[in-house]
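Raw contents of model_25.cif, mmCIF, C-alpha atoms and all ligand atoms:
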```
data_coords
loop_
_atom_site.group_PDB
_atom_site.id
_atom_site.type_symbol
_atom_site.label_atom_id
_atom_site.label_comp_id
_atom_site.auth_asym_id
_atom_site.auth_seq_id
_atom_site.Cartn_x
_atom_site.Cartn_y
_atom_site.Cartn_z
ATOM 1 C CA LYS A 611 100.876 14.381 -76.191
ATOM 2 C CA LYS A 612 103.372 11.886 -74.837
ATOM 3 C CA SER A 613 103.431 10.208 -78.225
ATOM 4 C CA LEU A 614 104.785 13.340 -79.915
ATOM 5 C CA PRO A 615 108.380 12.871 -81.140
ATOM 6 C CA LEU A 616 109.851 15.803 -79.184
ATOM 7 C CA PHE A 617 107.645 15.426 -76.112
ATOM 8 C CA GLY A 618 109.243 17.075 -73.094
ATOM 9 C CA LYS A 619 112.485 17.931 -74.899
ATOM 10 C CA LYS A 620 113.937 21.343 -74.177
ATOM 11 C CA VAL A 621 114.497 23.290 -77.371
ATOM 12 C CA MET A 622 115.835 26.807 -77.900
ATOM 13 C CA VAL A 623 115.228 28.947 -80.988
ATOM 14 C CA THR A 624 116.595 32.409 -81.739
ATOM 15 C CA ALA A 625 114.732 34.714 -84.106
ATOM 16 C CA GLY A 626 114.702 38.211 -85.520
ATOM 17 C CA PRO A 627 117.372 40.880 -85.783
ATOM 18 C CA THR A 628 119.404 42.518 -83.046
ATOM 19 C CA TYR A 629 119.651 46.269 -82.579
ATOM 20 C CA GLU A 630 122.974 47.785 -81.583
ATOM 21 C CA ALA A 631 122.645 51.214 -79.995
ATOM 22 C CA ILE A 632 124.519 54.198 -81.389
ATOM 23 C CA ASP A 633 122.935 56.698 -79.023
ATOM 24 C CA PRO A 634 119.608 56.843 -77.119
ATOM 25 C CA VAL A 635 117.574 57.205 -80.324
ATOM 26 C CA ARG A 636 119.543 55.374 -83.026
ATOM 27 C CA PHE A 637 120.744 51.864 -83.698
ATOM 28 C CA ILE A 638 122.350 49.597 -86.282
ATOM 29 C CA GLY A 639 119.946 46.826 -87.304
ATOM 30 C CA ASN A 640 119.008 44.597 -90.223
ATOM 31 C CA HIS A 641 115.965 43.506 -92.244
ATOM 32 C CA SER A 642 115.241 40.232 -90.439
ATOM 33 C CA SER A 643 111.481 39.932 -89.815
ATOM 34 C CA GLY A 644 111.683 36.980 -87.416
ATOM 35 C CA LYS A 645 109.139 35.027 -89.498
ATOM 36 C CA MET A 646 111.352 31.980 -90.085
ATOM 37 C CA GLY A 647 112.378 31.650 -86.429
ATOM 38 C CA PHE A 648 108.829 32.042 -85.148
ATOM 39 C CA ALA A 649 107.552 29.479 -87.664
ATOM 40 C CA LEU A 650 110.251 27.068 -86.481
ATOM 41 C CA ALA A 651 109.457 27.628 -82.821
ATOM 42 C CA ASP A 652 105.768 26.927 -83.529
ATOM 43 C CA GLU A 653 106.510 23.713 -85.452
ATOM 44 C CA LEU A 654 108.885 22.430 -82.762
ATOM 45 C CA ALA A 655 106.215 23.127 -80.128
ATOM 46 C CA LYS A 656 103.648 21.218 -82.219
ATOM 47 C CA LEU A 657 106.029 18.246 -82.123
ATOM 48 C CA GLY A 658 105.803 18.352 -78.341
ATOM 49 C CA ALA A 659 108.997 20.271 -77.539
ATOM 50 C CA ASP A 660 109.292 22.631 -74.597
ATOM 51 C CA VAL A 661 110.379 25.670 -76.627
ATOM 52 C CA THR A 662 112.233 28.759 -75.412
ATOM 53 C CA LEU A 663 112.144 31.433 -78.096
ATOM 54 C CA ILE A 664 114.772 34.140 -77.748
ATOM 55 C CA ALA A 665 113.598 36.973 -79.959
ATOM 56 C CA GLY A 666 115.141 40.221 -81.077
ATOM 57 C CA PRO A 667 112.874 43.182 -81.873
ATOM 58 C CA THR A 668 110.143 41.913 -84.228
ATOM 59 C CA ALA A 669 106.446 42.404 -84.898
ATOM 60 C CA GLN A 670 105.803 38.631 -84.789
ATOM 61 C CA LYS A 671 103.337 37.182 -82.317
ATOM 62 C CA GLY A 672 104.377 33.763 -81.113
ATOM 63 C CA SER A 673 101.882 31.206 -79.855
ATOM 64 C CA GLN A 674 101.157 31.114 -76.125
ATOM 65 C CA THR A 675 102.860 27.769 -75.606
ATOM 66 C CA LEU A 676 106.311 29.255 -76.260
ATOM 67 C CA LYS A 677 108.482 30.579 -73.461
ATOM 68 C CA ARG A 678 109.458 33.844 -75.028
ATOM 69 C CA ILE A 679 112.442 35.915 -73.962
ATOM 70 C CA ASP A 680 112.670 39.310 -75.660
ATOM 71 C CA VAL A 681 116.105 40.815 -76.170
ATOM 72 C CA VAL A 682 117.428 43.814 -78.072
ATOM 73 C CA SER A 683 121.196 43.587 -78.570
ATOM 74 C CA ALA A 684 123.589 40.795 -79.550
ATOM 75 C CA GLN A 685 125.022 40.896 -76.042
ATOM 76 C CA GLU A 686 121.573 40.391 -74.482
ATOM 77 C CA MET A 687 120.882 37.542 -76.904
ATOM 78 C CA PHE A 688 124.231 35.985 -75.975
ATOM 79 C CA GLU A 689 123.385 36.140 -72.269
ATOM 80 C CA ALA A 690 119.904 34.667 -72.770
ATOM 81 C CA CYS A 691 121.265 31.855 -74.973
ATOM 82 C CA THR A 692 124.121 30.875 -72.705
ATOM 83 C CA ALA A 693 121.804 30.871 -69.675
ATOM 84 C CA ALA A 694 119.401 28.444 -71.386
ATOM 85 C CA PHE A 695 121.873 26.316 -73.334
ATOM 86 C CA GLU A 696 122.993 23.749 -70.782
ATOM 87 C CA GLU A 697 119.524 22.263 -70.357
ATOM 88 C CA THR A 698 118.722 22.465 -74.054
ATOM 89 C CA VAL A 699 118.843 19.376 -76.257
ATOM 90 C CA ILE A 700 118.122 21.073 -79.594
ATOM 91 C CA THR A 701 119.165 24.634 -80.438
ATOM 92 C CA VAL A 702 118.205 26.364 -83.693
ATOM 93 C CA MET A 703 119.879 29.722 -84.252
ATOM 94 C CA CYS A 704 117.783 31.546 -86.769
ATOM 95 C CA ALA A 705 118.416 35.113 -85.585
ATOM 96 C CA ALA A 706 120.248 37.634 -87.744
ATOM 97 C CA VAL A 707 122.656 38.710 -85.015
ATOM 98 C CA ALA A 708 124.669 41.864 -85.658
ATOM 99 C CA ASP A 709 128.335 41.099 -86.293
ATOM 100 C CA TYR A 710 129.448 44.571 -85.184
ATOM 101 C CA ARG A 711 128.278 47.146 -82.666
ATOM 102 C CA PRO A 712 129.338 50.728 -81.988
ATOM 103 C CA LYS A 713 132.351 50.719 -79.688
ATOM 104 C CA GLN A 714 131.034 53.689 -77.739
ATOM 105 C CA VAL A 715 127.338 54.239 -77.131
ATOM 106 C CA ALA A 716 126.733 57.983 -76.786
ATOM 107 C CA THR A 717 124.738 58.780 -73.664
ATOM 108 C CA GLN A 718 123.121 61.757 -75.406
ATOM 109 C CA LYS A 719 121.740 62.118 -78.906
ATOM 110 C CA ILE A 720 124.603 62.743 -81.342
ATOM 111 C CA LYS A 721 124.285 66.199 -82.860
ATOM 112 C CA LYS A 722 124.586 66.850 -86.560
ATOM 113 C CA HIS A 723 127.642 68.733 -87.778
ATOM 114 C CA ASP A 724 128.765 70.008 -91.172
ATOM 115 C CA SER A 725 131.427 67.327 -91.388
ATOM 116 C CA GLY A 726 130.847 63.593 -91.711
ATOM 117 C CA LEU A 727 130.729 61.223 -88.776
ATOM 118 C CA PHE A 728 132.935 58.219 -88.042
ATOM 119 C CA LEU A 729 131.504 55.401 -85.984
ATOM 120 C CA GLU A 730 133.991 52.938 -84.621
ATOM 121 C CA LEU A 731 132.586 49.397 -84.531
ATOM 122 C CA GLU A 732 133.714 46.372 -82.556
ATOM 123 C CA LYS A 733 132.834 42.732 -83.055
ATOM 124 C CA THR A 734 129.996 41.113 -81.144
ATOM 125 C CA THR A 735 130.356 37.573 -79.839
ATOM 126 C CA ASP A 736 129.427 34.912 -82.385
ATOM 127 C CA ILE A 737 126.808 33.149 -80.251
ATOM 128 C CA LEU A 738 126.514 30.122 -82.504
ATOM 129 C CA ALA A 739 130.287 29.571 -82.600
ATOM 130 C CA TYR A 740 130.418 29.946 -78.807
ATOM 131 C CA LEU A 741 127.683 27.331 -78.334
ATOM 132 C CA GLY A 742 129.399 25.068 -80.873
ATOM 133 C CA LYS A 743 132.456 25.025 -78.599
ATOM 134 C CA ALA A 744 130.368 24.452 -75.458
ATOM 135 C CA LYS A 745 128.230 21.736 -77.030
ATOM 136 C CA LYS A 746 128.095 18.243 -75.520
ATOM 137 C CA PRO A 747 127.768 15.184 -77.788
ATOM 138 C CA GLN A 748 124.061 14.686 -77.099
ATOM 139 C CA GLN A 749 123.174 18.299 -77.919
ATOM 140 C CA ILE A 750 122.034 19.205 -81.431
ATOM 141 C CA LEU A 751 123.001 22.577 -82.857
ATOM 142 C CA VAL A 752 121.482 23.994 -86.045
ATOM 143 C CA GLY A 753 122.683 27.194 -87.713
ATOM 144 C CA PHE A 754 121.554 29.280 -90.635
ATOM 145 C CA ALA A 755 123.604 30.758 -93.433
ATOM 146 C CA LEU A 756 122.382 33.604 -95.577
ATOM 147 C CA GLU A 757 124.748 34.215 -98.437
ATOM 148 C CA THR A 758 124.876 36.197 -101.630
ATOM 149 C CA ASN A 759 127.759 34.395 -103.359
ATOM 150 C CA ASP A 760 129.669 31.086 -103.218
ATOM 151 C CA GLU A 761 126.899 30.077 -100.862
ATOM 152 C CA GLU A 762 127.333 26.292 -100.652
ATOM 153 C CA ASN A 763 131.010 26.554 -99.748
ATOM 154 C CA TYR A 764 130.349 29.178 -97.088
ATOM 155 C CA ALA A 765 127.520 27.088 -95.645
ATOM 156 C CA LYS A 766 129.686 23.961 -95.421
ATOM 157 C CA GLY A 767 132.524 26.002 -93.940
ATOM 158 C CA LYS A 768 130.176 27.294 -91.243
ATOM 159 C CA LEU A 769 128.976 23.796 -90.397
ATOM 160 C CA GLU A 770 132.540 22.664 -89.726
ATOM 161 C CA LYS A 771 133.937 25.815 -88.161
ATOM 162 C CA LYS A 772 131.038 26.301 -85.751
ATOM 163 C CA ASN A 773 130.692 22.567 -84.972
ATOM 164 C CA LEU A 774 127.070 22.332 -86.158
ATOM 165 C CA ASP A 775 124.907 19.272 -86.755
ATOM 166 C CA LEU A 776 122.923 20.933 -89.541
ATOM 167 C CA VAL A 777 123.231 24.156 -91.478
ATOM 168 C CA VAL A 778 120.296 25.675 -93.348
ATOM 169 C CA LEU A 779 121.336 27.743 -96.318
ATOM 170 C CA ASN A 780 119.111 30.383 -97.792
ATOM 171 C CA SER A 781 120.364 32.393 -100.658
ATOM 172 C CA LEU A 782 119.498 35.999 -101.318
ATOM 173 C CA ASN A 783 119.771 35.105 -105.003
ATOM 174 C CA ASP A 784 116.482 33.221 -104.923
ATOM 175 C CA LYS A 785 113.441 35.420 -105.481
ATOM 176 C CA GLY A 786 110.906 34.898 -102.701
ATOM 177 C CA ALA A 787 113.585 33.765 -100.248
ATOM 178 C CA GLY A 788 115.019 35.576 -97.284
ATOM 179 C CA PHE A 789 114.106 38.410 -94.998
ATOM 180 C CA LYS A 790 110.610 39.892 -95.195
ATOM 181 C CA SER A 791 109.149 37.308 -97.521
ATOM 182 C CA ASP A 792 106.521 34.742 -96.456
ATOM 183 C CA THR A 793 108.278 32.106 -98.507
ATOM 184 C CA ASN A 794 111.769 30.675 -98.405
ATOM 185 C CA LYS A 795 113.978 28.357 -100.424
ATOM 186 C CA ILE A 796 116.522 26.366 -98.488
ATOM 187 C CA THR A 797 119.237 23.767 -98.798
ATOM 188 C CA ILE A 798 120.160 21.710 -95.722
ATOM 189 C CA PHE A 799 123.619 20.210 -95.136
ATOM 190 C CA ASN A 800 124.217 17.571 -92.486
ATOM 191 C CA LYS A 801 127.476 16.665 -90.754
ATOM 192 C CA ALA A 802 128.372 14.273 -93.551
ATOM 193 C CA LEU A 803 128.012 17.304 -95.860
ATOM 194 C CA GLU A 804 125.103 15.608 -97.610
ATOM 195 C CA ARG A 805 122.932 18.174 -99.294
ATOM 196 C CA THR A 806 119.134 18.291 -99.497
ATOM 197 C CA VAL A 807 117.661 20.934 -101.793
ATOM 198 C CA PHE A 808 114.081 22.043 -101.219
ATOM 199 C CA GLU A 809 111.551 23.860 -103.381
ATOM 200 C CA MET A 810 110.316 27.352 -102.626
ATOM 201 C CA LYS A 811 107.695 27.043 -99.869
ATOM 202 C CA SER A 812 105.860 29.015 -97.226
ATOM 203 C CA LYS A 813 107.992 29.591 -94.137
ATOM 204 C CA THR A 814 105.625 27.273 -92.209
ATOM 205 C CA ASP A 815 106.338 24.440 -94.650
ATOM 206 C CA VAL A 816 110.059 25.248 -94.637
ATOM 207 C CA ALA A 817 109.939 24.995 -90.834
ATOM 208 C CA LYS A 818 108.345 21.514 -91.204
ATOM 209 C CA ASP A 819 111.190 20.422 -93.511
ATOM 210 C CA ILE A 820 113.795 21.667 -91.040
ATOM 211 C CA CYS A 821 112.008 19.802 -88.226
ATOM 212 C CA THR A 822 112.016 16.606 -90.309
ATOM 213 C CA ALA A 823 115.784 16.964 -90.781
ATOM 214 C CA ILE A 824 116.194 17.506 -87.034
ATOM 215 C CA LEU A 825 114.028 14.485 -86.172
ATOM 216 C CA LYS A 826 116.358 12.301 -88.269
ATOM 217 C CA ILE A 827 119.308 13.145 -86.025
ATOM 218 C CA VAL A 828 117.604 13.414 -82.632
ATOM 219 C CA LYS A 829 119.309 11.142 -80.147
HETATM 220 O O1 LIG A 901 128.807 33.491 -89.647
HETATM 221 P P1 LIG A 901 127.396 33.903 -89.904
HETATM 222 O O2 LIG A 901 126.988 35.127 -89.133
HETATM 223 O O3 LIG A 901 127.051 34.018 -91.352
HETATM 224 O O4 LIG A 901 126.531 32.675 -89.339
HETATM 225 C C1 LIG A 901 125.140 32.726 -89.305
HETATM 226 C C2 LIG A 901 124.658 31.862 -88.187
HETATM 227 O O5 LIG A 901 125.312 32.233 -86.969
HETATM 228 C C3 LIG A 901 123.180 32.003 -87.902
HETATM 229 O O6 LIG A 901 122.692 30.764 -87.418
HETATM 230 C C4 LIG A 901 123.150 33.078 -86.801
HETATM 231 O O7 LIG A 901 121.995 32.951 -86.003
HETATM 232 C C5 LIG A 901 124.416 32.767 -86.028
HETATM 233 N N1 LIG A 901 125.102 33.927 -85.410
HETATM 234 C C6 LIG A 901 125.151 34.060 -84.030
HETATM 235 N N2 LIG A 901 125.825 35.111 -83.441
HETATM 236 C C7 LIG A 901 126.442 36.046 -84.199
HETATM 237 C C8 LIG A 901 126.411 35.924 -85.605
HETATM 238 C C9 LIG A 901 125.725 34.861 -86.173
HETATM 239 O O8 LIG A 901 124.583 33.219 -83.334
HETATM 240 N N3 LIG A 901 127.067 37.052 -83.601
#
```
Would you kindly transcribe this structure into structure tokens?
Amino acid sequence: KKSLPLFGKKVMVTAGPTYEAIDPVRFIGNHSSGKMGFALADELAKLGADVTLIAGPTAQKGSQTLKRIDVVSAQEMFEACTAAFEETVITVMCAAVADYRPKQVATQKIKKHDSGLFLELEKTTDILAYLGKAKKPQQILVGFALETNDEENYAKGKLEKKNLDLVVLNSLNDKGAGFKSDTNKITIFNKALERTVFEMKSKTDVAKDICTAILKIVK
């Protein structure tokens, strides 16, 4: 075990969606299945890492070796991530965190009326950007970008703006890539903005490719 490349290294992975409450029975969410993040957590653990997996609501079952922290909202994910970050040497933020949440959470179920309903939303904290600011030189931070248009430019912009070491782009334009699918097609950019394009693969094999890219920059 000691010979494994990430033996004993503390790694944090986020996975799945977040749910932002509207009232006690309703929420705003998204289609993230958590498959990519769980596959990554498993691969990193196989490489010997001591993995903390911070997961939003998903049906995925992680392996027993992972330290799993279940969260629901973006705020809970933020708190779990910031609590674990200082000791973490590699962080991979795969979760589809909500960008907005209802400004008021109704304490009782909202009743239906004849008129429409306005929900006022406020921004959540961008966890990845926050960690990018807090990051020390020896820490590695990997983000994801899911785009529908002008994807390479947005991905590179994210890498710089959020102070990332790698950004993994997956496009919704590729069939078989993205949310619920068991396969994914990615492009990885490093800090030098060098691009590596990968074929469509199972999410397990995609996770292996991402780990290989991480191993190249591990300090
Ligand atoms: O800016 P955008 O949301 O497209 O960036 C996506 C990346 O940022 C993903 O790695 C995602 O996990 C992370 N993120 C986050 N907190 C948010 C929004 C996104 O950590 N509130």
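Among the candidates A:Ala694, A:Leu676, A:Ala705, A:Val715, the residue lying nearest to Thr624 of chain A is A:Ala705 (atoms considered: all atoms listed in the file).
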Within 8 Å of ligand LIG 901 (chain A), which residues of chain A come that close, and what is the closest atom pair and distance in Å for each? Count all atoms listed in the file and give it as CSV.
```
residue,atom,partner,partner_atom,distance
A:Thr624,CA,A:LIG901,O7,6.9
A:Ala625,CA,A:LIG901,O7,7.7
A:Ala684,CA,A:LIG901,N3,6.5
A:Phe688,CA,A:LIG901,N2,7.7
A:Val702,CA,A:LIG901,O6,7.3
A:Met703,CA,A:LIG901,O7,4.2
A:Cys704,CA,A:LIG901,O7,4.5
A:Ala705,CA,A:LIG901,O7,4.2
A:Ala706,CA,A:LIG901,O7,5.3
A:Val707,CA,A:LIG901,C7,4.7
A:Ala708,CA,A:LIG901,N3,5.8
A:Asp709,CA,A:LIG901,N3,5.0
A:Thr734,CA,A:LIG901,N3,5.6
A:Thr735,CA,A:LIG901,N3,5.0
A:Asp736,CA,A:LIG901,N3,3.4
A:Ile737,CA,A:LIG901,O8,3.8
A:Leu738,CA,A:LIG901,O8,3.7
A:Ala739,CA,A:LIG901,O8,6.8
A:Val752,CA,A:LIG901,O6,7.0
A:Gly753,CA,A:LIG901,O6,3.6
A:Phe754,CA,A:LIG901,O6,3.7
A:Ala755,CA,A:LIG901,C1,4.8
A:Leu756,CA,A:LIG901,O3,6.3
A:Glu757,CA,A:LIG901,O3,7.5
A:Lys768,CA,A:LIG901,O1,6.5
A:Val777,CA,A:LIG901,O6,7.8
```
Written file, previous selection with C-alpha atoms, as a CSV table (one decimal), in the coordinates of the input:
```csv
chain,number,residue,atom,x,y,z
A,624,THR,CA,116.6,32.4,-81.7
A,625,ALA,CA,114.7,34.7,-84.1
A,684,ALA,CA,123.6,40.8,-79.6
A,688,PHE,CA,124.2,36.0,-76.0
A,702,VAL,CA,118.2,26.4,-83.7
A,703,MET,CA,119.9,29.7,-84.3
A,704,CYS,CA,117.8,31.5,-86.8
A,705,ALA,CA,118.4,35.1,-85.6
A,706,ALA,CA,120.2,37.6,-87.7
A,707,VAL,CA,122.7,38.7,-85.0
A,708,ALA,CA,124.7,41.9,-85.7
A,709,ASP,CA,128.3,41.1,-86.3
A,734,THR,CA,130.0,41.1,-81.1
A,735,THR,CA,130.4,37.6,-79.8
A,736,ASP,CA,129.4,34.9,-82.4
A,737,ILE,CA,126.8,33.1,-80.3
A,738,LEU,CA,126.5,30.1,-82.5
A,739,ALA,CA,130.3,29.6,-82.6
A,752,VAL,CA,121.5,24.0,-86.0
A,753,GLY,CA,122.7,27.2,-87.7
A,754,PHE,CA,121.6,29.3,-90.6
A,755,ALA,CA,123.6,30.8,-93.4
A,756,LEU,CA,122.4,33.6,-95.6
A,757,GLU,CA,124.7,34.2,-98.4
A,768,LYS,CA,130.2,27.3,-91.2
A,777,VAL,CA,123.2,24.2,-91.5
```
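When you apply the PyMOL selection byres (((chain A and resi 750) around 9) and not hetatm) to this structure, what comes back is Thr698, Val699, Ile700, Thr701, Val702, Lys745, Lys746, Pro747, Gln748, Gln749, Leu751, Val752, Leu774, Asp775, Leu776, Ile824, Ile827, Val828 and Lys829 of chain A.
Of note, atom CA of Arg711 of chain A and atom CA of Ile638 of chain A are spaced 7.4 Å apart.
A straight line drawn from atom CA of Leu741 of chain A to atom CA of Thr692 of chain A is 7.5 Å long.
Closest approach to Lys818 of chain A among A:Met687, A:Ile720, A:Ile796, A:Ala787 is made by A:Ile796 (distances from all atoms listed in the file).
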#### Entry: Separation of atom CA of Glu686 of chain A from atom CA of Ala744 of chain A in Å
18.2 Å
### Task
Identify all residues satisfying the PyMOL selection byres (((chain A and resi 662) around 7) and not hetatm) in the given file; provide them as a list in words.
Val621, Met622, Val623, Asp660, Val661, Leu663, Ile664, Leu676, Lys677 and Arg678 of chain A
Selection export as a PDB file, in the coordinates of the input, atoms kept: C-alpha atoms:
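Final output, saved to result.pdb:
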```
ATOM      1  CA  VAL A 621     114.497  23.290 -77.371  1.00  0.00           C
ATOM      2  CA  MET A 622     115.835  26.807 -77.900  1.00  0.00           C
ATOM      3  CA  VAL A 623     115.228  28.947 -80.988  1.00  0.00           C
ATOM      4  CA  ASP A 660     109.292  22.631 -74.597  1.00  0.00           C
ATOM      5  CA  VAL A 661     110.379  25.670 -76.627  1.00  0.00           C
ATOM      6  CA  LEU A 663     112.144  31.433 -78.096  1.00  0.00           C
ATOM      7  CA  ILE A 664     114.772  34.140 -77.748  1.00  0.00           C
ATOM      8  CA  LEU A 676     106.311  29.255 -76.260  1.00  0.00           C
ATOM      9  CA  LYS A 677     108.482  30.579 -73.461  1.00  0.00           C
ATOM     10  CA  ARG A 678     109.458  33.844 -75.028  1.00  0.00           C
TER      11      ARG A 678
END
```
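This file, filtered with the PyMOL selection byres (((chain A and resi 732) around 6) and not hetatm), gives the residues Tyr710, Arg711, Lys713, Leu731 and Lys733 of chain A.
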As lines of an AutoDock Vina configuration file: centre and edge lengths in Å, one decimal, of the axis-aligned box holding segment 633-649 of chain A with 6 Å per side:
```
center_x = 115.2
center_y = 43.3
center_z = -84.7
size_x = 27.4
size_y = 39.7
size_z = 27.1
```
### Task
Using all atoms listed in the file, give me every residue within 12 Å of (109.3, 26.6, -91.0) in file coordinates, as a VMD selection string.
chain A and resid 623 625 644 to 656 702 704 778 792 to 796 810 to 823
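Distance check against Glu630 of chain A using all atoms listed in the file: of A:Ala659, A:Ala716, A:Ala802, A:Ala765, the minimum falls on A:Ala716.
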At the level of C-alpha atoms, write segment 749-791 of chain A to a file as a short mmCIF file (atom, residue, chain, number, x, y, z; two decimals), in the first residue's frame, please.
```
data_model
loop_
_atom_site.label_atom_id
_atom_site.label_comp_id
_atom_site.auth_asym_id
_atom_site.auth_seq_id
_atom_site.Cartn_x
_atom_site.Cartn_y
_atom_site.Cartn_z
CA GLN A 749 -2.40 22.43 -2.57
CA ILE A 750 -3.89 21.19 -5.84
CA LEU A 751 -7.35 22.37 -6.84
CA VAL A 752 -9.32 20.81 -9.70
CA GLY A 753 -12.62 22.19 -10.98
CA PHE A 754 -15.18 21.10 -13.51
CA ALA A 755 -16.89 23.12 -16.20
CA LEU A 756 -20.09 22.03 -17.85
CA GLU A 757 -20.93 24.29 -20.74
CA THR A 758 -23.33 24.42 -23.63
CA ASN A 759 -21.58 27.05 -25.77
CA ASP A 760 -18.15 28.68 -26.21
CA GLU A 761 -17.02 25.96 -23.84
CA GLU A 762 -13.23 26.08 -24.19
CA ASN A 763 -13.07 29.81 -23.49
CA TYR A 764 -15.33 29.51 -20.45
CA ALA A 765 -13.28 26.59 -19.14
CA LYS A 766 -10.00 28.49 -19.49
CA GLY A 767 -11.58 31.57 -17.92
CA LYS A 768 -12.65 29.48 -14.93
CA LEU A 769 -9.17 28.03 -14.50
CA GLU A 770 -7.68 31.52 -14.22
CA LYS A 771 -10.46 33.25 -12.32
CA LYS A 772 -10.82 30.53 -9.69
CA ASN A 773 -7.05 29.91 -9.42
CA LEU A 774 -7.26 26.23 -10.40
CA ASP A 775 -4.50 23.78 -11.27
CA LEU A 776 -6.69 21.81 -13.67
CA VAL A 777 -10.12 22.29 -15.16
CA VAL A 778 -12.11 19.40 -16.61
CA LEU A 779 -14.50 20.46 -19.33
CA ASN A 780 -17.48 18.39 -20.28
CA SER A 781 -19.78 19.66 -22.91
CA LEU A 782 -23.50 19.07 -23.01
CA ASN A 783 -23.12 19.08 -26.79
CA ASP A 784 -21.51 15.65 -26.77
CA LYS A 785 -23.99 12.78 -26.82
CA GLY A 786 -23.27 10.36 -23.99
CA ALA A 787 -21.60 13.05 -21.89
CA GLY A 788 -22.85 14.79 -18.80
CA PHE A 789 -25.39 14.24 -16.09
CA LYS A 790 -27.15 10.87 -15.86
CA SER A 791 -25.04 9.08 -18.43
#
```
